[in-house]
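**Student:** File data-v3.tsv follows (TSV, C-alpha atoms):
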```tsv
chain	number	residue	atom	x	y	z
A	93	MET	CA	-10.60	31.18	13.28
A	94	SER	CA	-13.90	33.02	13.63
A	95	PRO	CA	-16.78	30.64	12.94
A	96	GLN	CA	-18.29	32.72	10.12
A	97	VAL	CA	-15.13	32.32	8.01
A	98	ILE	CA	-16.52	28.97	6.83
A	99	PRO	CA	-19.95	29.67	5.27
A	100	HIS	CA	-22.70	27.85	7.17
A	101	ALA	CA	-23.86	25.86	4.12
A	102	LEU	CA	-20.31	24.65	3.51
A	103	ASP	CA	-19.79	23.75	7.14
A	104	ARG	CA	-23.05	21.79	7.17
A	105	LEU	CA	-21.84	19.71	4.21
A	106	ILE	CA	-18.44	19.18	5.88
A	107	GLN	CA	-20.13	18.01	9.12
A	108	ASN	CA	-22.27	15.55	7.16
A	109	LEU	CA	-19.32	14.20	5.18
A	110	THR	CA	-17.25	13.54	8.33
A	111	LYS	CA	-19.92	11.03	9.41
A	112	LEU	CA	-18.78	8.74	6.57
A	113	PRO	CA	-16.18	6.06	7.37
A	114	GLY	CA	-12.56	7.07	6.77
A	115	ILE	CA	-13.48	10.71	6.04
A	116	GLY	CA	-11.88	13.05	8.56
A	117	LYS	CA	-12.29	16.80	8.90
A	118	LYS	CA	-9.54	17.56	6.36
A	119	THR	CA	-10.80	15.20	3.66
A	120	ALA	CA	-14.36	16.42	4.22
A	121	SER	CA	-13.25	20.05	3.70
A	122	ARG	CA	-11.37	19.11	0.54
A	123	LEU	CA	-14.38	17.22	-0.85
A	124	ALA	CA	-16.84	19.98	0.07
A	125	LEU	CA	-14.69	22.71	-1.51
A	126	ASN	CA	-14.29	20.58	-4.63
A	127	ILE	CA	-18.04	20.03	-4.89
A	128	LEU	CA	-18.54	23.78	-4.50
A	129	ARG	CA	-16.08	24.57	-7.29
A	130	ARG	CA	-17.87	22.25	-9.70
A	131	PRO	CA	-21.27	22.76	-11.38
A	132	ALA	CA	-24.32	22.83	-9.09
A	133	ALA	CA	-25.91	20.16	-11.30
A	134	GLU	CA	-23.32	17.61	-10.14
A	135	ALA	CA	-24.06	18.30	-6.46
A	136	ARG	CA	-27.80	17.99	-7.16
A	137	GLU	CA	-27.33	14.69	-9.00
A	138	LEU	CA	-25.34	13.30	-6.04
A	139	ALA	CA	-28.07	14.57	-3.70
A	140	ALA	CA	-30.77	12.88	-5.80
A	141	ALA	CA	-28.84	9.58	-5.72
A	142	LEU	CA	-28.65	9.84	-1.92
A	143	ASN	CA	-32.33	10.68	-1.60
A	144	ASP	CA	-33.43	7.69	-3.68
A	145	LEU	CA	-31.07	5.19	-2.10
A	146	HIS	CA	-33.02	3.90	0.90
A	147	SER	CA	-36.45	4.00	-0.75
A	148	ALA	CA	-35.26	2.05	-3.83
A	149	ILE	CA	-33.36	-0.65	-1.96
A	150	GLN	CA	-34.62	-3.32	0.44
A	151	LEU	CA	-33.27	-6.61	1.78
A	152	CYS	CA	-33.87	-9.78	-0.25
A	153	SER	CA	-36.13	-11.91	1.97
A	154	SER	CA	-34.12	-15.03	1.19
A	155	CYS	CA	-30.41	-14.09	1.31
A	156	PHE	CA	-30.74	-10.61	2.94
A	157	THR	CA	-28.55	-8.77	0.47
A	158	PHE	CA	-29.44	-5.23	-0.65
A	159	SER	CA	-31.67	-5.39	-3.71
A	160	GLU	CA	-34.24	-3.41	-5.64
A	161	ASN	CA	-36.32	-6.58	-6.13
A	162	ASP	CA	-37.36	-9.44	-3.87
A	163	PRO	CA	-36.01	-12.05	-4.50
A	164	CYS	CA	-32.73	-10.44	-5.53
A	165	ALA	CA	-31.11	-11.02	-8.94
A	166	ILE	CA	-29.00	-13.89	-7.58
A	167	CYS	CA	-31.74	-15.73	-5.63
A	168	GLY	CA	-34.05	-15.33	-8.63
A	169	ASP	CA	-31.48	-16.62	-11.16
A	170	LEU	CA	-32.47	-20.20	-12.10
A	171	LYS	CA	-29.02	-20.82	-13.62
A	172	ARG	CA	-27.34	-20.54	-10.20
A	173	ASP	CA	-26.87	-23.54	-7.92
A	174	SER	CA	-29.38	-23.29	-5.07
A	175	SER	CA	-27.85	-26.29	-3.28
A	176	LEU	CA	-24.77	-24.21	-2.37
A	177	ILE	CA	-24.95	-21.22	0.02
A	178	CYS	CA	-22.02	-18.89	0.66
A	179	VAL	CA	-22.25	-17.18	4.07
A	180	VAL	CA	-20.73	-13.67	4.23
A	181	GLU	CA	-20.72	-10.85	6.76
A	182	GLN	CA	-21.97	-7.95	4.64
A	183	PRO	CA	-23.39	-7.21	1.16
A	184	GLY	CA	-20.00	-5.74	0.18
A	185	ASP	CA	-18.45	-9.21	0.64
A	186	LEU	CA	-21.00	-10.64	-1.81
A	187	LEU	CA	-19.93	-8.04	-4.39
A	188	ALA	CA	-16.25	-8.95	-3.87
A	189	ILE	CA	-16.97	-12.66	-4.41
A	190	GLU	CA	-19.12	-11.93	-7.48
A	191	LYS	CA	-16.19	-9.97	-8.89
A	192	ALA	CA	-13.94	-13.03	-8.53
A	193	GLY	CA	-16.32	-14.53	-11.09
A	194	ASN	CA	-16.07	-18.25	-10.30
A	195	TYR	CA	-18.79	-18.72	-7.67
A	196	LEU	CA	-22.16	-19.81	-9.04
A	197	GLY	CA	-24.12	-20.66	-5.89
A	198	HIS	CA	-26.42	-18.59	-3.68
A	199	TYR	CA	-25.50	-16.36	-0.72
A	200	HIS	CA	-26.57	-15.64	2.84
A	201	ILE	CA	-25.70	-12.28	4.41
A	202	LEU	CA	-25.27	-12.37	8.21
A	203	HIS	CA	-25.27	-8.54	8.53
A	204	GLY	CA	-22.56	-8.63	11.15
A	205	VAL	CA	-20.29	-10.92	13.13
A	206	LEU	CA	-20.50	-12.26	16.67
A	207	ALA	CA	-19.19	-9.64	19.09
A	208	PRO	CA	-20.25	-10.60	22.63
A	209	MET	CA	-18.51	-7.53	24.12
A	210	ASP	CA	-20.74	-5.29	21.99
A	211	GLY	CA	-23.84	-7.33	22.81
A	212	ILE	CA	-24.00	-8.99	19.37
A	213	GLY	CA	-24.85	-12.65	19.90
A	214	PRO	CA	-26.21	-15.31	17.52
A	215	ASN	CA	-29.71	-13.79	17.62
A	216	GLU	CA	-28.47	-10.38	16.48
A	217	ILE	CA	-27.17	-11.67	13.15
A	218	LYS	CA	-29.09	-13.69	10.57
A	219	ILE	CA	-28.22	-17.23	11.76
A	220	THR	CA	-31.74	-18.52	12.49
A	221	GLU	CA	-32.70	-17.28	9.01
A	222	LEU	CA	-29.85	-19.40	7.58
A	223	GLU	CA	-31.10	-22.45	9.48
A	224	ALA	CA	-34.61	-21.88	8.14
A	225	ARG	CA	-33.17	-22.02	4.61
A	226	LEU	CA	-31.32	-25.25	5.41
A	227	ASN	CA	-34.53	-26.84	6.78
A	228	SER	CA	-36.00	-26.83	3.27
A	229	GLY	CA	-33.56	-29.66	2.44
A	230	VAL	CA	-32.35	-28.19	-0.88
A	231	VAL	CA	-28.95	-27.09	0.42
A	232	THR	CA	-26.10	-29.62	0.38
A	233	GLU	CA	-23.15	-27.31	1.10
A	234	VAL	CA	-22.66	-24.22	3.28
A	235	PHE	CA	-19.52	-22.35	2.26
A	236	ILE	CA	-18.43	-19.98	5.04
A	237	ALA	CA	-16.64	-16.88	3.74
A	238	THR	CA	-16.43	-14.62	6.78
A	239	SER	CA	-13.33	-12.41	7.07
A	240	SER	CA	-10.12	-13.87	8.45
A	241	THR	CA	-10.26	-11.45	11.38
A	242	VAL	CA	-10.71	-12.53	15.00
A	243	PRO	CA	-14.51	-11.90	15.05
A	244	GLY	CA	-14.86	-13.33	11.53
A	245	GLU	CA	-13.07	-16.56	12.55
A	246	ALA	CA	-15.07	-16.78	15.79
A	247	THR	CA	-18.31	-16.47	13.82
A	248	ALA	CA	-17.15	-19.14	11.34
A	249	ASN	CA	-16.25	-21.53	14.19
A	250	TYR	CA	-19.59	-20.91	15.90
A	251	LEU	CA	-21.43	-21.68	12.64
A	252	ILE	CA	-19.40	-24.85	12.05
A	253	ASP	CA	-20.38	-26.09	15.55
A	254	ARG	CA	-24.00	-25.14	15.10
A	255	LEU	CA	-24.31	-26.85	11.70
A	256	GLN	CA	-22.44	-30.01	12.78
A	257	SER	CA	-25.55	-32.10	13.48
A	258	ARG	CA	-26.92	-31.50	9.97
A	259	ASN	CA	-26.12	-33.79	7.08
A	260	ILE	CA	-24.55	-31.06	4.94
A	261	LEU	CA	-21.01	-30.25	3.83
A	262	VAL	CA	-19.52	-27.16	5.52
A	263	SER	CA	-16.56	-25.56	3.71
A	264	ARG	CA	-14.45	-22.44	4.31
A	265	LEU	CA	-12.63	-19.92	2.16
A	266	ALA	CA	-8.93	-20.85	1.87
A	267	CYS	CA	-6.36	-18.70	3.66
A	268	GLY	CA	-2.84	-18.30	2.27
A	269	ILE	CA	-0.40	-16.07	0.43
A	270	PRO	CA	-2.09	-13.46	-1.80
A	271	MET	CA	-1.49	-13.97	-5.54
A	272	GLY	CA	1.63	-12.19	-6.75
A	273	MET	CA	3.02	-11.65	-3.26
A	274	ASP	CA	6.67	-12.25	-2.45
A	275	ILE	CA	6.65	-14.62	0.54
A	276	LYS	CA	9.31	-12.44	2.22
A	277	TYR	CA	6.60	-9.83	2.72
A	278	ALA	CA	3.84	-12.10	3.99
A	279	ASP	CA	3.12	-11.76	7.72
A	280	ARG	CA	4.00	-14.84	9.76
A	281	HIS	CA	0.38	-15.74	10.64
A	282	THR	CA	-0.60	-15.83	6.97
A	283	LEU	CA	2.53	-17.81	6.12
A	284	ALA	CA	1.87	-20.29	8.96
A	285	ARG	CA	-1.66	-20.81	7.66
A	286	ALA	CA	-0.42	-21.22	4.08
A	287	ILE	CA	2.10	-23.87	5.19
A	288	GLU	CA	-0.53	-25.70	7.23
A	289	SER	CA	-2.97	-25.69	4.30
A	290	ARG	CA	-0.36	-26.53	1.65
A	291	SER	CA	-1.84	-28.46	-1.26
A	292	GLN	CA	-0.38	-31.52	-2.94
A	293	THR	CA	0.47	-30.95	-6.59
A	294	ARG	CA	0.21	-34.55	-7.83
B	173	MET	CA	-20.40	-10.12	-12.38
B	174	SER	CA	-23.86	-9.67	-13.87
B	175	PRO	CA	-24.82	-5.98	-13.86
B	176	GLN	CA	-28.00	-6.45	-11.79
B	177	VAL	CA	-26.01	-7.78	-8.82
B	178	ILE	CA	-25.37	-4.17	-7.78
B	179	PRO	CA	-28.80	-2.52	-7.36
B	180	HIS	CA	-29.22	0.37	-9.80
B	181	ALA	CA	-29.80	2.95	-7.04
B	182	LEU	CA	-26.61	1.85	-5.29
B	183	ASP	CA	-24.61	1.90	-8.52
B	184	ARG	CA	-25.87	5.40	-9.30
B	185	LEU	CA	-24.59	6.64	-5.93
B	186	ILE	CA	-21.24	4.87	-6.45
B	187	GLN	CA	-20.85	6.48	-9.91
B	188	ASN	CA	-21.57	9.92	-8.43
B	189	LEU	CA	-19.14	9.44	-5.55
B	190	THR	CA	-16.29	8.41	-7.88
B	191	LYS	CA	-16.47	11.90	-9.44
B	192	LEU	CA	-15.07	13.32	-6.18
B	193	PRO	CA	-11.29	13.82	-5.90
B	194	GLY	CA	-9.39	10.91	-4.37
B	195	ILE	CA	-12.45	8.64	-4.31
B	196	GLY	CA	-11.90	5.56	-6.46
B	197	LYS	CA	-14.34	2.80	-7.30
B	198	LYS	CA	-13.49	0.81	-4.15
B	199	THR	CA	-13.82	3.70	-1.71
B	200	ALA	CA	-17.05	4.80	-3.41
B	201	SER	CA	-18.53	1.30	-2.95
B	202	ARG	CA	-17.49	1.24	0.69
B	203	LEU	CA	-19.01	4.68	1.33
B	204	ALA	CA	-22.24	3.85	-0.53
B	205	LEU	CA	-22.72	0.55	1.32
B	206	ASN	CA	-22.07	2.32	4.61
B	207	ILE	CA	-24.63	5.03	3.81
B	208	LEU	CA	-27.12	2.29	2.92
B	209	ARG	CA	-26.56	0.48	6.21
B	210	ARG	CA	-27.24	3.63	8.21
B	211	PRO	CA	-30.57	5.42	8.74
B	212	ALA	CA	-32.23	6.95	5.67
B	213	ALA	CA	-32.46	10.26	7.59
B	214	GLU	CA	-28.67	10.63	7.50
B	215	ALA	CA	-28.56	10.15	3.72
B	216	ARG	CA	-31.37	12.69	3.30
B	217	GLU	CA	-29.60	15.23	5.53
B	218	LEU	CA	-26.42	14.86	3.43
B	219	ALA	CA	-28.53	15.23	0.28
B	220	ALA	CA	-30.14	18.40	1.65
B	221	ALA	CA	-26.72	19.87	2.48
B	222	LEU	CA	-25.61	19.17	-1.10
B	223	ASN	CA	-28.77	20.66	-2.57
B	224	ASP	CA	-28.42	23.90	-0.62
B	225	LEU	CA	-24.70	24.33	-1.18
B	226	HIS	CA	-24.50	26.22	-4.47
B	227	SER	CA	-27.61	28.34	-3.91
B	228	ALA	CA	-26.45	29.50	-0.45
B	229	ILE	CA	-22.88	30.31	-1.40
B	230	GLN	CA	-21.53	32.93	-3.79
B	231	LEU	CA	-18.18	34.61	-4.34
B	232	CYS	CA	-17.32	37.71	-2.27
B	233	SER	CA	-17.10	40.54	-4.83
B	234	SER	CA	-13.96	41.89	-3.19
B	235	CYS	CA	-11.72	38.92	-2.31
B	236	PHE	CA	-13.55	36.19	-4.30
B	237	THR	CA	-13.74	33.68	-1.50
B	238	PHE	CA	-16.83	31.49	-1.04
B	239	SER	CA	-19.29	33.26	1.24
B	240	GLU	CA	-22.96	33.41	2.12
B	241	ASN	CA	-22.77	37.22	2.29
B	242	ASP	CA	-21.18	39.88	0.12
B	243	PRO	CA	-18.80	41.25	1.36
B	244	CYS	CA	-17.62	38.10	3.15
B	245	ALA	CA	-17.06	37.94	6.93
B	246	ILE	CA	-13.38	38.84	6.53
B	247	CYS	CA	-13.75	41.74	4.06
B	248	GLY	CA	-16.60	43.11	6.20
B	249	ASP	CA	-14.65	42.84	9.47
B	250	LEU	CA	-13.53	46.36	10.43
B	251	LYS	CA	-11.03	44.94	12.93
B	252	ARG	CA	-8.96	43.39	10.16
B	253	ASP	CA	-6.16	45.25	8.43
B	254	SER	CA	-7.33	46.28	4.95
B	255	SER	CA	-3.88	47.58	4.00
B	256	LEU	CA	-2.56	44.00	3.82
B	257	ILE	CA	-3.76	41.48	1.21
B	258	CYS	CA	-2.78	37.81	1.23
B	259	VAL	CA	-2.98	36.25	-2.25
B	260	VAL	CA	-3.87	32.54	-2.30
B	261	GLU	CA	-4.80	30.03	-4.98
B	262	GLN	CA	-8.08	28.67	-3.62
B	263	PRO	CA	-10.61	29.28	-0.81
B	264	GLY	CA	-9.23	26.19	0.98
B	265	ASP	CA	-5.88	27.98	1.34
B	266	LEU	CA	-7.64	30.88	3.06
B	267	LEU	CA	-9.14	28.44	5.58
B	268	ALA	CA	-5.70	26.91	6.24
B	269	ILE	CA	-4.18	30.37	6.92
B	270	GLU	CA	-7.12	31.35	9.13
B	271	LYS	CA	-6.52	28.19	11.14
B	272	ALA	CA	-2.90	29.25	11.75
B	273	GLY	CA	-4.53	32.12	13.64
B	274	ASN	CA	-1.92	34.87	13.32
B	275	TYR	CA	-2.90	36.60	10.07
B	276	LEU	CA	-5.15	39.60	10.49
B	277	GLY	CA	-5.21	41.14	7.00
B	278	HIS	CA	-7.52	40.63	4.03
B	279	TYR	CA	-7.30	38.01	1.27
B	280	HIS	CA	-7.48	37.72	-2.49
B	281	ILE	CA	-8.36	34.35	-4.07
B	282	LEU	CA	-6.89	33.80	-7.54
B	283	HIS	CA	-9.06	30.71	-8.22
B	284	GLY	CA	-6.21	28.91	-9.92
B	285	VAL	CA	-2.56	29.17	-10.90
B	286	LEU	CA	-0.89	30.02	-14.20
B	287	ALA	CA	-0.75	26.91	-16.37
B	288	PRO	CA	0.05	27.95	-19.94
B	289	MET	CA	-0.01	24.32	-21.15
B	290	ASP	CA	-3.64	24.05	-20.00
B	291	GLY	CA	-4.52	27.44	-21.49
B	292	ILE	CA	-4.65	29.22	-18.13
B	293	GLY	CA	-2.97	32.59	-18.52
B	294	PRO	CA	-3.11	35.77	-16.38
B	295	ASN	CA	-6.61	36.61	-17.66
B	296	GLU	CA	-8.05	33.27	-16.55
B	297	ILE	CA	-7.26	33.87	-12.86
B	298	LYS	CA	-8.26	36.90	-10.78
B	299	ILE	CA	-5.17	39.05	-11.30
B	300	THR	CA	-6.81	42.12	-12.90
B	301	GLU	CA	-9.30	42.05	-10.00
B	302	LEU	CA	-6.31	42.17	-7.60
B	303	GLU	CA	-4.87	45.17	-9.48
B	304	ALA	CA	-8.22	46.92	-9.29
B	305	ARG	CA	-8.10	46.56	-5.49
B	306	LEU	CA	-4.56	47.94	-5.40
B	307	ASN	CA	-5.63	50.96	-7.47
B	308	SER	CA	-7.74	52.21	-4.56
B	309	GLY	CA	-4.47	53.08	-2.78
B	310	VAL	CA	-5.41	51.54	0.58
B	311	VAL	CA	-3.16	48.50	0.24
B	312	THR	CA	0.48	48.83	1.36
B	313	GLU	CA	1.51	45.16	1.32
B	314	VAL	CA	0.68	42.20	-0.93
B	315	PHE	CA	1.62	38.94	0.78
B	316	ILE	CA	1.83	36.11	-1.79
B	317	ALA	CA	0.95	32.71	-0.31
B	318	THR	CA	0.66	30.49	-3.37
B	319	SER	CA	1.76	26.85	-2.95
B	320	SER	CA	5.44	25.97	-3.17
B	321	THR	CA	4.74	23.82	-6.24
B	322	VAL	CA	6.11	24.59	-9.71
B	323	PRO	CA	2.92	26.34	-10.94
B	324	GLY	CA	2.46	28.05	-7.55
B	325	GLU	CA	6.01	29.44	-7.68
B	326	ALA	CA	5.60	30.49	-11.33
B	327	THR	CA	2.41	32.36	-10.43
B	328	ALA	CA	4.14	34.05	-7.48
B	329	ASN	CA	7.06	35.12	-9.68
B	330	TYR	CA	4.71	36.46	-12.35
B	331	LEU	CA	2.82	38.47	-9.71
B	332	ILE	CA	6.06	39.87	-8.25
B	333	ASP	CA	7.09	41.08	-11.74
B	334	ARG	CA	3.69	42.54	-12.47
B	335	LEU	CA	3.46	44.43	-9.14
B	336	GLN	CA	7.08	45.70	-9.32
B	337	SER	CA	6.19	49.15	-10.68
B	338	ARG	CA	3.79	49.85	-7.83
B	339	ASN	CA	4.90	51.47	-4.62
B	340	ILE	CA	3.83	48.59	-2.37
B	341	LEU	CA	5.66	45.95	-0.37
B	342	VAL	CA	5.42	42.45	-1.84
B	343	SER	CA	6.17	39.57	0.56
B	344	ARG	CA	6.07	35.79	0.32
B	345	LEU	CA	5.29	32.91	2.64
B	346	ALA	CA	8.54	31.49	4.11
B	347	CYS	CA	9.71	28.07	2.93
B	348	GLY	CA	11.70	25.78	5.22
B	349	ILE	CA	11.67	22.76	7.48
B	350	PRO	CA	8.21	21.88	8.85
B	351	MET	CA	7.88	22.32	12.63
B	352	GLY	CA	8.81	19.15	14.52
B	353	MET	CA	10.56	17.55	11.57
B	354	ASP	CA	13.89	15.80	11.93
B	355	ILE	CA	16.15	17.41	9.30
B	356	LYS	CA	17.36	13.92	8.28
B	357	TYR	CA	13.92	13.39	6.75
B	358	ALA	CA	13.57	16.73	4.95
B	359	ASP	CA	13.92	16.50	1.16
B	360	ARG	CA	17.00	18.23	-0.24
B	361	HIS	CA	15.08	21.00	-2.03
B	362	THR	CA	13.32	22.03	1.18
B	363	LEU	CA	16.58	21.83	3.11
B	364	ALA	CA	18.40	23.92	0.45
B	365	ARG	CA	15.67	26.57	0.70
B	366	ALA	CA	15.81	26.52	4.51
B	367	ILE	CA	19.57	27.04	4.44
B	368	GLU	CA	19.29	29.84	1.89
B	369	SER	CA	16.59	31.58	3.97
B	370	ARG	CA	18.28	30.99	7.35
B	371	SER	CA	17.49	33.71	9.84
B	372	GLN	CA	19.86	35.46	12.20
B	373	THR	CA	19.07	34.86	15.86
B	374	ARG	CA	20.60	38.05	17.34
```
So, in terms of structure tokens, how does the structure I just supplied come out?
**Tutor:**
Amino acid sequence: MSPQVIPHALDRLIQNLTKLPGIGKKTASRLALNILRRPAAEARELAAALNDLHSAIQLCSSCFTFSENDPCAICGDLKRDSSLICVVEQPGDLLAIEKAGNYLGHYHILHGVLAPMDGIGPNEIKITELEARLNSGVVTEVFIATSSTVPGEATANYLIDRLQSRNILVSRLACGIPMGMDIKYADRHTLARAIESRSQTR
Amino acid sequence: MSPQVIPHALDRLIQNLTKLPGIGKKTASRLALNILRRPAAEARELAAALNDLHSAIQLCSSCFTFSENDPCAICGDLKRDSSLICVVEQPGDLLAIEKAGNYLGHYHILHGVLAPMDGIGPNEIKITELEARLNSGVVTEVFIATSSTVPGEATANYLIDRLQSRNILVSRLACGIPMGMDIKYADRHTLARAIESRSQTR
């Protein structure tokens, strides 16, 4: 295919879209052609949203989530329990837990997980910042909600060790069978964990 | 979840991304958070590409594909065969055929398919524009490459009827088993078509 067949302006958009996670060359072409078929005003509104994004949003200086204000809406909410901190990997995990709707404490975003092979040690993620929050003496429970992946578990175990000497409760998100799932279809690691963590009914 | 938990600027980007085809609320959130985690320069470059898109690109006045120039690179290419026109539904189909690499004629983009239930009749897609090109007398073959979907086939059949009175060859894209596919896995409609269109080997 001769290179001019794809107009330069279209190709530029396709190249930029392929930088996004999970968007390959084919999906990027489909998205770009769709944007082109629709009114220019829609493309300009998306562009404006992209342009404003980084300037409007900063990190909350307490929990390090993305926020337009400092402190963020959660850290600044007096109705939430500041004695309980939920530790997550990324701001997206905070949003997922907020959606669940039954957590009323504060958060702490690590902005990553331990990955020694990639040079990400304890100083590369926000662990000392978590300890600084604990030093204030307000916090009575740290609830670790990292992913149940290998690096997520390793980070959780490292945190548990590191917080051991403090007089605070350390809890973890429960692992088990997803709601509504037929146990036939659960993978054996999840099932093993669900059996191990079985709860007494009475 | 209280509405302020998602910063307004982030939510605005998510809302804009969900307007794209195949991007749901979850994917949009994931993309937006990823864009936010990466340098602001990347978001601005994507925004600039979006802003320039519609102003840089127009429709070729001959084949109606998206192009920065009029005529487009293909219609203006003297090495291509102007006696052969391939009729496709959308500019993306042209790109797919160009990628195949063995078609050297011109194109005609219908910008849609017949869909009477949605009020799209022959006058809503670029059929009279195709006839105007045929009136010049240069074209000897119209090669119909609409999709093998119900509306694509209906559009192809309508075109075949409408071009019948003209002294030109009308051909269609072959339907059959995809290359490399085990026939066990082909659906029965495709297999029936492949049997019907079987070719003699000698």
**Student:** What residues in chain B lie within 8 Å of chain A, counting all atoms listed in the file, written as a CSV table (one decimal) with C-alpha atoms, in the coordinates of the input?
**Tutor:**
```csv
chain,number,residue,atom,x,y,z
B,173,MET,CA,-20.4,-10.1,-12.4
B,176,GLN,CA,-28.0,-6.4,-11.8
B,177,VAL,CA,-26.0,-7.8,-8.8
B,178,ILE,CA,-25.4,-4.2,-7.8
B,179,PRO,CA,-28.8,-2.5,-7.4
B,180,HIS,CA,-29.2,0.4,-9.8
B,181,ALA,CA,-29.8,3.0,-7.0
B,182,LEU,CA,-26.6,1.8,-5.3
B,184,ARG,CA,-25.9,5.4,-9.3
B,185,LEU,CA,-24.6,6.6,-5.9
B,188,ASN,CA,-21.6,9.9,-8.4
B,189,LEU,CA,-19.1,9.4,-5.6
B,192,LEU,CA,-15.1,13.3,-6.2
B,193,PRO,CA,-11.3,13.8,-5.9
B,201,SER,CA,-18.5,1.3,-3.0
B,202,ARG,CA,-17.5,1.2,0.7
B,203,LEU,CA,-19.0,4.7,1.3
B,205,LEU,CA,-22.7,0.6,1.3
B,206,ASN,CA,-22.1,2.3,4.6
B,207,ILE,CA,-24.6,5.0,3.8
B,208,LEU,CA,-27.1,2.3,2.9
B,212,ALA,CA,-32.2,7.0,5.7
B,215,ALA,CA,-28.6,10.2,3.7
B,216,ARG,CA,-31.4,12.7,3.3
B,217,GLU,CA,-29.6,15.2,5.5
B,218,LEU,CA,-26.4,14.9,3.4
B,219,ALA,CA,-28.5,15.2,0.3
B,220,ALA,CA,-30.1,18.4,1.6
B,221,ALA,CA,-26.7,19.9,2.5
B,222,LEU,CA,-25.6,19.2,-1.1
B,223,ASN,CA,-28.8,20.7,-2.6
B,224,ASP,CA,-28.4,23.9,-0.6
B,225,LEU,CA,-24.7,24.3,-1.2
B,226,HIS,CA,-24.5,26.2,-4.5
B,228,ALA,CA,-26.4,29.5,-0.4
B,229,ILE,CA,-22.9,30.3,-1.4
B,238,PHE,CA,-16.8,31.5,-1.0
B,239,SER,CA,-19.3,33.3,1.2
B,240,GLU,CA,-23.0,33.4,2.1
B,244,CYS,CA,-17.6,38.1,3.2
B,245,ALA,CA,-17.1,37.9,6.9
B,246,ILE,CA,-13.4,38.8,6.5
B,263,PRO,CA,-10.6,29.3,-0.8
B,264,GLY,CA,-9.2,26.2,1.0
B,267,LEU,CA,-9.1,28.4,5.6
B,270,GLU,CA,-7.1,31.4,9.1
B,271,LYS,CA,-6.5,28.2,11.1
B,273,GLY,CA,-4.5,32.1,13.6
```
**Student:** Please compute the CA of Ala237 (chain A)-CA of Val205 (chain A) distance, one decimal, in Å.
**Tutor:**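 So the answer is 11.7 Å.
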**Student:** Show me, as a list in words, the residues that have an atom within 8 Å of Ser233 (chain B) when counting all atoms listed in the file, minus same-chain residues fewer than 3 positions from it.
**Tutor:**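 Using all atoms listed in the file, the neighbours found are Phe236, Asp242 and Pro243 of chain B.
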**Student:** Work out how far CA of Ala366 (chain B) is from CA of Tyr330 (chain B), in Å to one decimal.
**Tutor:** 22.5 Å
**Student:** Calculate how many Å separate CA of Leu222 (chain A) from CA of Leu170 (chain A), rounding to one decimal.
**Tutor:** 19.9 Å
**Student:** Would you list the residues near (-32.4, -27.9, 1.2), meaning any protein, DNA or RNA residue with an atom at most 12 Å from that point in file coordinates, counting all atoms listed in the file, as a PyMOL selection string?
**Tutor:** chain A and resi 173-177+222-234+258-261
**Student:** Excluding Arg360 (chain B) and any residue of its chain fewer than 6 positions from it, enumerate the residues within 12 Å of it, using all atoms listed in the file, and give them as a PDB file with C-alpha atoms, in the coordinates of the input.
**Tutor:**
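Now in part.pdb:
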```pdb
ATOM      1  CA  GLY B 348      11.700  25.780   5.220  1.00  0.00           C
ATOM      2  CA  ILE B 349      11.670  22.760   7.480  1.00  0.00           C
ATOM      3  CA  ALA B 366      15.810  26.520   4.510  1.00  0.00           C
ATOM      4  CA  ILE B 367      19.570  27.040   4.440  1.00  0.00           C
TER       5      ILE B 367
END
```
**Student:** Can you tell me which residues surround Ile297 (chain B) at a distance of at most 6 Å, considering all atoms listed in the file, apart from same-chain residues fewer than 3 positions away, and format the answer as a list in words?
**Tutor:**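 In the requested format, the answer is Leu282, His283, Gly284 and Pro294 of chain B.
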**Student:** Kindly add N, CA and C atoms to the incomplete region 354-361 of chain B and provide the output as an mmCIF file, keeping the file's coordinate frame.
**Tutor:**
```cif
data_model
loop_
_atom_site.group_PDB
_atom_site.id
_atom_site.type_symbol
_atom_site.label_atom_id
_atom_site.label_comp_id
_atom_site.auth_asym_id
_atom_site.auth_seq_id
_atom_site.Cartn_x
_atom_site.Cartn_y
_atom_site.Cartn_z
ATOM 1 N N ASP B 354 12.477 16.139 11.834
ATOM 2 C CA ASP B 354 13.890 15.800 11.930
ATOM 3 C C ASP B 354 14.518 16.184 10.591
ATOM 4 N N ILE B 355 15.646 16.952 10.592
ATOM 5 C CA ILE B 355 16.150 17.410 9.300
ATOM 6 C C ILE B 355 16.641 16.262 8.428
ATOM 7 N N LYS B 356 16.981 15.120 9.055
ATOM 8 C CA LYS B 356 17.360 13.920 8.280
ATOM 9 C C LYS B 356 16.294 13.564 7.250
ATOM 10 N N TYR B 357 15.026 13.827 7.595
ATOM 11 C CA TYR B 357 13.920 13.390 6.750
ATOM 12 C C TYR B 357 13.425 14.466 5.782
ATOM 13 N N ALA B 358 14.011 15.661 5.860
ATOM 14 C CA ALA B 358 13.570 16.730 4.950
ATOM 15 C C ALA B 358 14.139 16.440 3.550
ATOM 16 N N ASP B 359 13.363 16.714 2.501
ATOM 17 C CA ASP B 359 13.920 16.500 1.160
ATOM 18 C C ASP B 359 14.948 17.583 0.869
ATOM 19 N N ARG B 360 15.862 17.324 -0.080
ATOM 20 C CA ARG B 360 17.000 18.230 -0.240
ATOM 21 C C ARG B 360 16.606 19.607 -0.766
ATOM 22 N N HIS B 361 15.510 19.692 -1.528
ATOM 23 C CA HIS B 361 15.080 21.000 -2.030
ATOM 24 C C HIS B 361 14.591 21.885 -0.891
#
```
